[in-house]
Amino acid sequence: MYKQNIIQKVLGIFLLFFVLNACEDTLDQVPSDKVTIDRILNKNSVKGFRDRSYDPLDNTFTDYSGGQLLETYTDDAFRAGTGVTFDWHNGLLSPNQNMFANVLWTKCWQGIRQCNNALEYLPQSTVSEDLISDIDLEQWYDEVLLLRAWYHFSLVQNFGPVPFIEEAFSVDFAGWTELTRPTFEEIASRIVAECDEVIARGNLPLRWQVSTDYDNVNMAFAYALKSRVLLFNASLLNNPGADQAKWQKAADAAQQCIEAIAPEYELVPMSEYARLFEEAVSVVNKEVILRSGHNGTATMNANNGVDLSTYGSAIQSSNCGAVPTQELVDCFELLDGTLPVASYNADHTQVTFNPGYSENDGDNPYMGRDARFYHSIVYNGANYGRYKGMPQADPELTIYTYVGRAGTGFNPNPLSQEEADKRMSSTGYYGKKFRSASYWGSSAGGSNAHKIFFRLAEIYLNLAEAQCELNNLDDAITALNVIRNRAGQPNIENVAGFTKTKDFLMQRIRNERRVELCFEGHRFHDQRRWRIISDANGVVSGMKVSSNNGTDNGTFSYERVKIDVARNATADKYLILPLPIEEARRLPGIGQPSVWK
């Protein structure tokens with residue numbers, strides 16, 4: 001438990017103004033800390049407290065990343081042109097130039113305050129049971145507890161430990177200077193305690209079956225959040241002494257999650273894999289624990305993916321957005337489990353290939369790859385299938401990315417501001433996850449793209465990593481193989497070069513996580529908790545494909561090229577985000593992380 005002065009609760013005065021404005025619609029412009037019981041005696045107002053707690057949820061792909069997929073801040077994706085990601089990789093992040101951190105900080109604290117309002121007033125409701133039952137109120141209360149825990153976790157995984165806040169401060173609260181940072185262990189333990197409290201009460205279902213609540217947090221979310229929080233708590237960034245007790249808690253939480261949610265959740269077969277990323281949010285998916293109710297089609301379409309207005313047209317969105325790097329492509333194994341690349345030179349333009357893989361002229365390096373490759377990456381010659389409204393007489397849509405190909409060809413000028421350049425990929429690839437063929441062949445774009453907060457595959461990978469860190473290699477292998485086998489890849493112990501060592505297995509677990517969860521927002525945080533940004537983010541490359549006759553039917557040749565733009569966001573200070581500068585001044589006991597002072 002924190003000392004009372006720590007539990008006193010958080011945030012700058014600016015949040016009071018921000019959040020009170022956000023509550024106007026629900027509370028008729030009366031500040032929430034002034035609402036009396038008689039003001040919440042109708043059904044809509046009571047439910048409004050719960051509903052408003054969802055408002056700040058990071059429910060789009062780009063909410064917290066400056067309008068771009070979070071992967072553009074990692075080695076998994078590149079975005080051409082200038083802008084926030086360009087400034088980020090130039091090393092311009094600072095307390096004064098905080099980029100997307102300002103939005104993240106504000107929205108999370110707004111969410112915490114709205115949750116605390118709901119947690120105060122929901123138990124005081126005297127609404128008659130014919131309008132709202134006690135069961136409704138109990139479920140709403142536990143939903144809000146989980147949301148408050150999520151907002152706190154979103155803060156600590158980006159800004160480091162912050163106090164856990166349990167009440168919505170009044171406008172005359174004078175204790176801002178007394179708030180201090182807890183340890184990561186303390187805040188993680190408190191978040192886990194909130195999850196355990198919800199789990200113990202058992203009010204929430206493992207998943208919502210009713211059509212109106214499909215995008216609300218559920219009991220499976222409580223188990224999954226607990227697993228992720230304890231994984232972060234045990235990771236190197238927050239556990240430099242490699243305390244094995246922390247890894248044991250992470251392993252236990254992952255195993256508990258898998259077992260507890262088994263009645264409702266399982267991995268979907270590869271034949272249904274695309275549905276994870278392209279189906280309507282209201283459709284019950286056996287693997288998805290929670291995904292956003294906000295359809296991100298417009299975001300994926302306009303900002304982060306090529307949108308051909310008609311089949312074969314070169315008219316695209318303002319730029320092609322986040323495109324996969326060659327480094328990510330190289331993580332997708334061959335069918336026998338071999339990784340394509342054994343080693344890179346300094347700028348990743350010269351590589352040593354493993355047996356079975358070739359980039360010689362006329363070869364097709366994209367054949368015979370892990371099945372997930374074809375669901376995640378658009379490459380030269382990729383068959384995308386039919387798109388919505390496409391005449392059945394037309395062939396299936398095939399994408400070519402070679403130099404000179406109209407609309408989808410290679411962009412050799414990643415810093416160019418010319419629309420014609422920015423519309424084409426500088427890596428030779430486009431992203432496919434969350435984008436059906438409709439994104440490429442219809443002016444309306446795709447129809448479904450819902451951000452995934454948690455799905456079961458992540459929990460198996462959490463378990464594999466924790467067991468490996470505990471040196472329980474057999475258990476780690478078992479968990480890892482569950483994910484590999486779903487994709488049709490061989491057991492890890494059957495791949496060439498396998499050694500039953502912690503180092504080998506951890507390398508492949510991390511690779512598996514990168515492949516399975518690519519473009520779902522994990523890599524940014526994984527790089528930090530593993531402390532690998534200095535190694536991973538310094539160089540990214542692409543594949544320059546050429547056709548000998550300049551047509552789709554030519555013989556293709558392949559040249560690896562370095563993306564020659566600044567990549568300076570590799571110092572240790574980038575492991576954690578700076579606070580908005582005015583907030584650091586208002587909250588001296590929390591203050592800037594030491595690396596940003």
# chains A, B, ... in the order shown; residues from 1 in each chain; ligands from 1
$ residues_around --residues "region 108-115 of chain A" --least-positions-apart "4" --cutoff "6 Å" --atoms "only C-alpha atoms" --output "count of residues only"
7
$ residues_around --residues "region 523-540 of chain A" --least-positions-apart "3" --cutoff "10 Å" --atoms "only C-alpha atoms" --output "mmCIF file with N, CA, C and O atoms, in the first residue's frame"
data_model
loop_
_atom_site.group_PDB
_atom_site.id
_atom_site.type_symbol
_atom_site.label_atom_id
_atom_site.label_comp_id
_atom_site.auth_asym_id
_atom_site.auth_seq_id
_atom_site.Cartn_x
_atom_site.Cartn_y
_atom_site.Cartn_z
ATOM 1 N N LEU A 70 2.061 2.904 -34.646
ATOM 2 C CA LEU A 70 3.149 2.915 -33.675
ATOM 3 C C LEU A 70 4.398 2.218 -34.210
ATOM 4 O O LEU A 70 5.518 2.519 -33.801
ATOM 5 N N GLU A 71 4.214 1.310 -35.164
ATOM 6 C CA GLU A 71 5.358 0.588 -35.733
ATOM 7 C C GLU A 71 6.324 1.514 -36.466
ATOM 8 O O GLU A 71 7.490 1.158 -36.657
ATOM 9 N N THR A 72 5.869 2.688 -36.907
ATOM 10 C CA THR A 72 6.785 3.582 -37.617
ATOM 11 C C THR A 72 7.874 4.122 -36.704
ATOM 12 O O THR A 72 8.861 4.683 -37.183
ATOM 13 N N TYR A 73 7.716 3.951 -35.391
ATOM 14 C CA TYR A 73 8.736 4.376 -34.429
ATOM 15 C C TYR A 73 9.667 3.224 -34.057
ATOM 16 O O TYR A 73 10.444 3.327 -33.118
ATOM 17 N N THR A 74 9.576 2.127 -34.816
ATOM 18 C CA THR A 74 10.392 0.943 -34.552
ATOM 19 C C THR A 74 11.122 0.545 -35.825
ATOM 20 O O THR A 74 11.086 1.247 -36.836
ATOM 21 N N ASP A 75 11.729 -0.633 -35.796
ATOM 22 C CA ASP A 75 12.406 -1.172 -36.980
ATOM 23 C C ASP A 75 11.491 -2.054 -37.822
ATOM 24 O O ASP A 75 11.948 -2.687 -38.766
ATOM 25 N N ASP A 76 10.213 -2.104 -37.502
ATOM 26 C CA ASP A 76 9.278 -2.927 -38.263
ATOM 27 C C ASP A 76 8.650 -2.193 -39.432
ATOM 28 O O ASP A 76 8.115 -2.829 -40.345
ATOM 29 N N ALA A 77 8.653 -0.859 -39.402
ATOM 30 C CA ALA A 77 7.971 -0.111 -40.451
ATOM 31 C C ALA A 77 8.672 1.223 -40.684
ATOM 32 O O ALA A 77 9.366 1.744 -39.815
ATOM 33 N N PHE A 78 8.452 1.766 -41.878
ATOM 34 C CA PHE A 78 9.027 3.047 -42.257
ATOM 35 C C PHE A 78 7.943 3.901 -42.894
ATOM 36 O O PHE A 78 7.079 3.401 -43.616
ATOM 37 N N HIS A 89 12.846 10.117 -35.345
ATOM 38 C CA HIS A 89 14.065 9.399 -35.698
ATOM 39 C C HIS A 89 15.253 10.347 -35.863
ATOM 40 O O HIS A 89 16.402 9.892 -35.848
ATOM 41 N N GLN A 157 3.762 2.243 -18.845
ATOM 42 C CA GLN A 157 4.568 1.609 -19.884
ATOM 43 C C GLN A 157 5.213 2.642 -20.795
ATOM 44 O O GLN A 157 6.131 2.313 -21.556
ATOM 45 N N ASN A 158 4.750 3.896 -20.732
ATOM 46 C CA ASN A 158 5.329 4.952 -21.550
ATOM 47 C C ASN A 158 6.156 5.955 -20.755
ATOM 48 O O ASN A 158 7.222 6.387 -21.206
ATOM 49 N N LEU A 231 4.374 -9.293 -17.050
ATOM 50 C CA LEU A 231 5.453 -9.493 -18.013
ATOM 51 C C LEU A 231 6.340 -8.254 -18.070
ATOM 52 O O LEU A 231 7.573 -8.354 -18.056
ATOM 53 N N PHE A 232 5.726 -7.075 -18.140
ATOM 54 C CA PHE A 232 6.495 -5.827 -18.162
ATOM 55 C C PHE A 232 7.264 -5.645 -16.857
ATOM 56 O O PHE A 232 8.407 -5.180 -16.859
ATOM 57 N N ASN A 233 6.656 -5.995 -15.740
ATOM 58 C CA ASN A 233 7.309 -5.833 -14.446
ATOM 59 C C ASN A 233 8.541 -6.720 -14.335
ATOM 60 O O ASN A 233 9.511 -6.373 -13.653
ATOM 61 N N ALA A 234 8.521 -7.870 -15.001
ATOM 62 C CA ALA A 234 9.643 -8.809 -14.916
ATOM 63 C C ALA A 234 10.725 -8.539 -15.952
ATOM 64 O O ALA A 234 11.842 -9.051 -15.829
ATOM 65 N N SER A 235 10.416 -7.717 -16.965
ATOM 66 C CA SER A 235 11.351 -7.503 -18.071
ATOM 67 C C SER A 235 12.532 -6.631 -17.652
ATOM 68 O O SER A 235 12.478 -5.899 -16.669
ATOM 69 N N LEU A 236 13.588 -6.694 -18.439
ATOM 70 C CA LEU A 236 14.861 -6.067 -18.089
ATOM 71 C C LEU A 236 14.728 -4.598 -17.737
ATOM 72 O O LEU A 236 15.366 -4.119 -16.787
ATOM 73 N N LEU A 237 13.917 -3.844 -18.472
ATOM 74 C CA LEU A 237 13.789 -2.415 -18.220
ATOM 75 C C LEU A 237 13.369 -2.136 -16.783
ATOM 76 O O LEU A 237 13.852 -1.182 -16.167
ATOM 77 N N ASN A 238 12.479 -2.961 -16.252
ATOM 78 C CA ASN A 238 11.949 -2.751 -14.906
ATOM 79 C C ASN A 238 12.460 -3.765 -13.889
ATOM 80 O O ASN A 238 12.091 -3.691 -12.716
ATOM 81 N N ASN A 239 13.308 -4.663 -14.338
ATOM 82 C CA ASN A 239 13.833 -5.721 -13.472
ATOM 83 C C ASN A 239 15.299 -5.970 -13.802
ATOM 84 O O ASN A 239 15.687 -7.064 -14.220
ATOM 85 N N PRO A 324 6.200 -2.048 -44.314
ATOM 86 C CA PRO A 324 7.107 -2.973 -43.626
ATOM 87 C C PRO A 324 8.546 -2.802 -44.088
ATOM 88 O O PRO A 324 8.817 -2.498 -45.256
ATOM 89 N N THR A 325 9.467 -3.014 -43.183
ATOM 90 C CA THR A 325 10.892 -2.984 -43.498
ATOM 91 C C THR A 325 11.363 -4.371 -43.923
ATOM 92 O O THR A 325 10.715 -5.384 -43.666
ATOM 93 N N GLN A 326 12.533 -4.407 -44.550
ATOM 94 C CA GLN A 326 13.121 -5.687 -44.908
ATOM 95 C C GLN A 326 13.464 -6.490 -43.659
ATOM 96 O O GLN A 326 13.389 -7.726 -43.651
ATOM 97 N N GLU A 327 13.815 -5.792 -42.590
ATOM 98 C CA GLU A 327 14.139 -6.486 -41.340
ATOM 99 C C GLU A 327 12.948 -7.278 -40.819
ATOM 100 O O GLU A 327 13.106 -8.404 -40.318
ATOM 101 N N LEU A 328 11.741 -6.706 -40.908
ATOM 102 C CA LEU A 328 10.552 -7.455 -40.504
ATOM 103 C C LEU A 328 10.318 -8.619 -41.452
ATOM 104 O O LEU A 328 10.021 -9.741 -41.007
ATOM 105 N N ALA A 346 26.973 -3.818 -41.804
ATOM 106 C CA ALA A 346 26.602 -2.663 -40.985
ATOM 107 C C ALA A 346 25.370 -1.940 -41.493
ATOM 108 O O ALA A 346 24.543 -1.476 -40.703
ATOM 109 N N ASP A 347 25.227 -1.804 -42.821
ATOM 110 C CA ASP A 347 24.080 -1.062 -43.341
ATOM 111 C C ASP A 347 23.000 -1.973 -43.922
ATOM 112 O O ASP A 347 22.067 -1.509 -44.579
ATOM 113 N N HIS A 348 23.111 -3.267 -43.674
ATOM 114 C CA HIS A 348 22.105 -4.262 -44.039
ATOM 115 C C HIS A 348 21.926 -4.421 -45.543
ATOM 116 O O HIS A 348 20.915 -4.965 -45.996
ATOM 117 N N THR A 349 22.910 -3.999 -46.341
ATOM 118 C CA THR A 349 22.801 -4.163 -47.789
ATOM 119 C C THR A 349 23.480 -5.431 -48.273
ATOM 120 O O THR A 349 23.203 -5.905 -49.382
ATOM 121 N N THR A 427 10.283 0.782 -49.249
ATOM 122 C CA THR A 427 10.868 -0.497 -48.824
ATOM 123 C C THR A 427 10.548 -1.627 -49.791
ATOM 124 O O THR A 427 11.089 -2.727 -49.656
ATOM 125 N N ARG A 510 11.394 -14.216 -29.263
ATOM 126 C CA ARG A 510 11.264 -12.806 -29.638
ATOM 127 C C ARG A 510 10.939 -12.656 -31.118
ATOM 128 O O ARG A 510 10.152 -11.788 -31.520
ATOM 129 N N ARG A 513 7.271 -13.527 -31.583
ATOM 130 C CA ARG A 513 6.419 -12.423 -31.135
ATOM 131 C C ARG A 513 6.367 -11.325 -32.191
ATOM 132 O O ARG A 513 5.303 -10.764 -32.467
ATOM 133 N N ARG A 514 7.503 -11.047 -32.791
ATOM 134 C CA ARG A 514 7.568 -10.003 -33.814
ATOM 135 C C ARG A 514 6.732 -10.365 -35.038
ATOM 136 O O ARG A 514 6.053 -9.503 -35.607
ATOM 137 N N VAL A 515 6.744 -11.619 -35.414
ATOM 138 C CA VAL A 515 5.995 -12.078 -36.577
ATOM 139 C C VAL A 515 4.506 -12.154 -36.276
ATOM 140 O O VAL A 515 3.676 -11.617 -37.023
ATOM 141 N N LEU A 517 2.652 -10.790 -33.914
ATOM 142 C CA LEU A 517 1.969 -9.585 -33.450
ATOM 143 C C LEU A 517 2.329 -8.335 -34.257
ATOM 144 O O LEU A 517 2.036 -7.220 -33.832
ATOM 145 N N CYS A 518 2.954 -8.513 -35.411
ATOM 146 C CA CYS A 518 3.397 -7.343 -36.174
ATOM 147 C C CYS A 518 2.213 -6.452 -36.528
ATOM 148 O O CYS A 518 1.107 -6.916 -36.797
ATOM 149 N N PHE A 519 2.449 -5.163 -36.491
ATOM 150 C CA PHE A 519 1.472 -4.119 -36.803
ATOM 151 C C PHE A 519 0.288 -4.092 -35.833
ATOM 152 O O PHE A 519 -0.745 -3.504 -36.131
ATOM 153 N N GLU A 520 0.459 -4.683 -34.666
ATOM 154 C CA GLU A 520 -0.583 -4.629 -33.642
ATOM 155 C C GLU A 520 -0.159 -3.782 -32.445
ATOM 156 O O GLU A 520 -0.813 -3.799 -31.407
ATOM 157 N N VAL A 561 18.507 -2.333 -50.117
ATOM 158 C CA VAL A 561 18.950 -0.949 -50.040
ATOM 159 C C VAL A 561 18.676 -0.394 -48.643
ATOM 160 O O VAL A 561 17.619 -0.650 -48.051
ATOM 161 N N LYS A 562 19.626 0.338 -48.133
ATOM 162 C CA LYS A 562 19.429 1.016 -46.857
ATOM 163 C C LYS A 562 18.491 2.204 -47.047
ATOM 164 O O LYS A 562 18.601 2.932 -48.032
ATOM 165 N N ILE A 563 17.551 2.377 -46.131
ATOM 166 C CA ILE A 563 16.715 3.574 -46.136
ATOM 167 C C ILE A 563 17.556 4.686 -45.538
ATOM 168 O O ILE A 563 17.779 4.735 -44.326
ATOM 169 N N ASP A 564 18.043 5.562 -46.416
ATOM 170 C CA ASP A 564 19.091 6.508 -46.017
ATOM 171 C C ASP A 564 18.501 7.778 -45.408
ATOM 172 O O ASP A 564 18.549 8.863 -45.988
ATOM 173 N N VAL A 565 17.911 7.622 -44.228
ATOM 174 C CA VAL A 565 17.406 8.761 -43.460
ATOM 175 C C VAL A 565 17.894 8.605 -42.034
ATOM 176 O O VAL A 565 18.349 7.534 -41.616
ATOM 177 N N ALA A 566 17.794 9.687 -41.278
ATOM 178 C CA ALA A 566 18.299 9.670 -39.905
ATOM 179 C C ALA A 566 17.591 8.599 -39.071
ATOM 180 O O ALA A 566 16.382 8.397 -39.182
ATOM 181 N N ARG A 567 18.365 7.929 -38.222
ATOM 182 C CA ARG A 567 17.834 6.948 -37.270
ATOM 183 C C ARG A 567 18.564 7.173 -35.947
ATOM 184 O O ARG A 567 19.407 6.386 -35.522
ATOM 185 N N ASN A 568 18.231 8.269 -35.288
ATOM 186 C CA ASN A 568 18.973 8.683 -34.100
ATOM 187 C C ASN A 568 18.231 8.458 -32.781
ATOM 188 O O ASN A 568 18.736 8.835 -31.726
ATOM 189 N N ALA A 569 17.067 7.856 -32.846
ATOM 190 C CA ALA A 569 16.291 7.648 -31.617
ATOM 191 C C ALA A 569 16.676 6.327 -30.964
ATOM 192 O O ALA A 569 15.844 5.449 -30.736
ATOM 193 N N THR A 570 17.959 6.205 -30.661
ATOM 194 C CA THR A 570 18.475 4.934 -30.156
ATOM 195 C C THR A 570 19.118 5.051 -28.779
ATOM 196 O O THR A 570 19.553 4.039 -28.230
ATOM 197 N N ALA A 571 19.186 6.255 -28.230
ATOM 198 C CA ALA A 571 19.801 6.424 -26.915
ATOM 199 C C ALA A 571 18.876 5.876 -25.832
ATOM 200 O O ALA A 571 17.666 5.731 -26.016
ATOM 201 N N ASP A 572 19.452 5.595 -24.665
ATOM 202 C CA ASP A 572 18.671 5.021 -23.567
ATOM 203 C C ASP A 572 17.517 5.918 -23.135
ATOM 204 O O ASP A 572 16.514 5.428 -22.625
ATOM 205 N N TYR A 574 15.395 7.204 -24.864
ATOM 206 C CA TYR A 574 14.209 6.860 -25.637
ATOM 207 C C TYR A 574 13.497 5.619 -25.096
ATOM 208 O O TYR A 574 12.448 5.228 -25.609
ATOM 209 N N LEU A 575 14.036 5.030 -24.062
ATOM 210 C CA LEU A 575 13.349 3.905 -23.427
ATOM 211 C C LEU A 575 12.089 4.353 -22.698
ATOM 212 O O LEU A 575 11.209 3.536 -22.396
ATOM 213 N N ILE A 576 12.004 5.624 -22.397
ATOM 214 C CA ILE A 576 10.876 6.156 -21.641
ATOM 215 C C ILE A 576 10.569 7.547 -22.177
ATOM 216 O O ILE A 576 11.478 8.270 -22.610
#
$ select_by_dssp --residues "region 348-544 of chain A" --states "helix (DSSP H, G or I)" --output "JSON, numbers by chain"
{"A": [373, 374, 375, 376, 419, 420, 421, 422, 438, 439, 440, 441, 456, 457, 458, 459, 460, 461, 462, 463, 464, 465, 466, 467, 468, 469, 473, 474, 475, 476, 477, 478, 479, 480, 481, 482, 483, 484, 485, 486, 492, 493, 494, 502, 503, 504, 505, 506, 507, 508, 509, 510, 511, 512, 513, 514, 515, 516, 523, 524, 525, 526, 527, 528, 529, 533, 534, 535, 536]}
$ closest_residue --among "A:Leu334, A:Val341, A:Ile199, A:Val351" --to "Ala371 (chain A)" --atoms "only C-alpha atoms"
A:Leu334
$ closest_residue --among "A:Gln139, A:Asn494, A:Asn102, A:Thr555" --to "Leu335 (chain A)" --atoms "only C-alpha atoms"
A:Asn494
$ atom_distance --atom1 "CA of Tyr265 (chain A)" --atom2 "CA of Val284 (chain A)"
10.1 Å
$ closest_residue --among "A:Ile258, A:Ala449, A:Val482, A:Ala487" --to "Ser271 (chain A)" --atoms "only C-alpha atoms"
A:Ala487
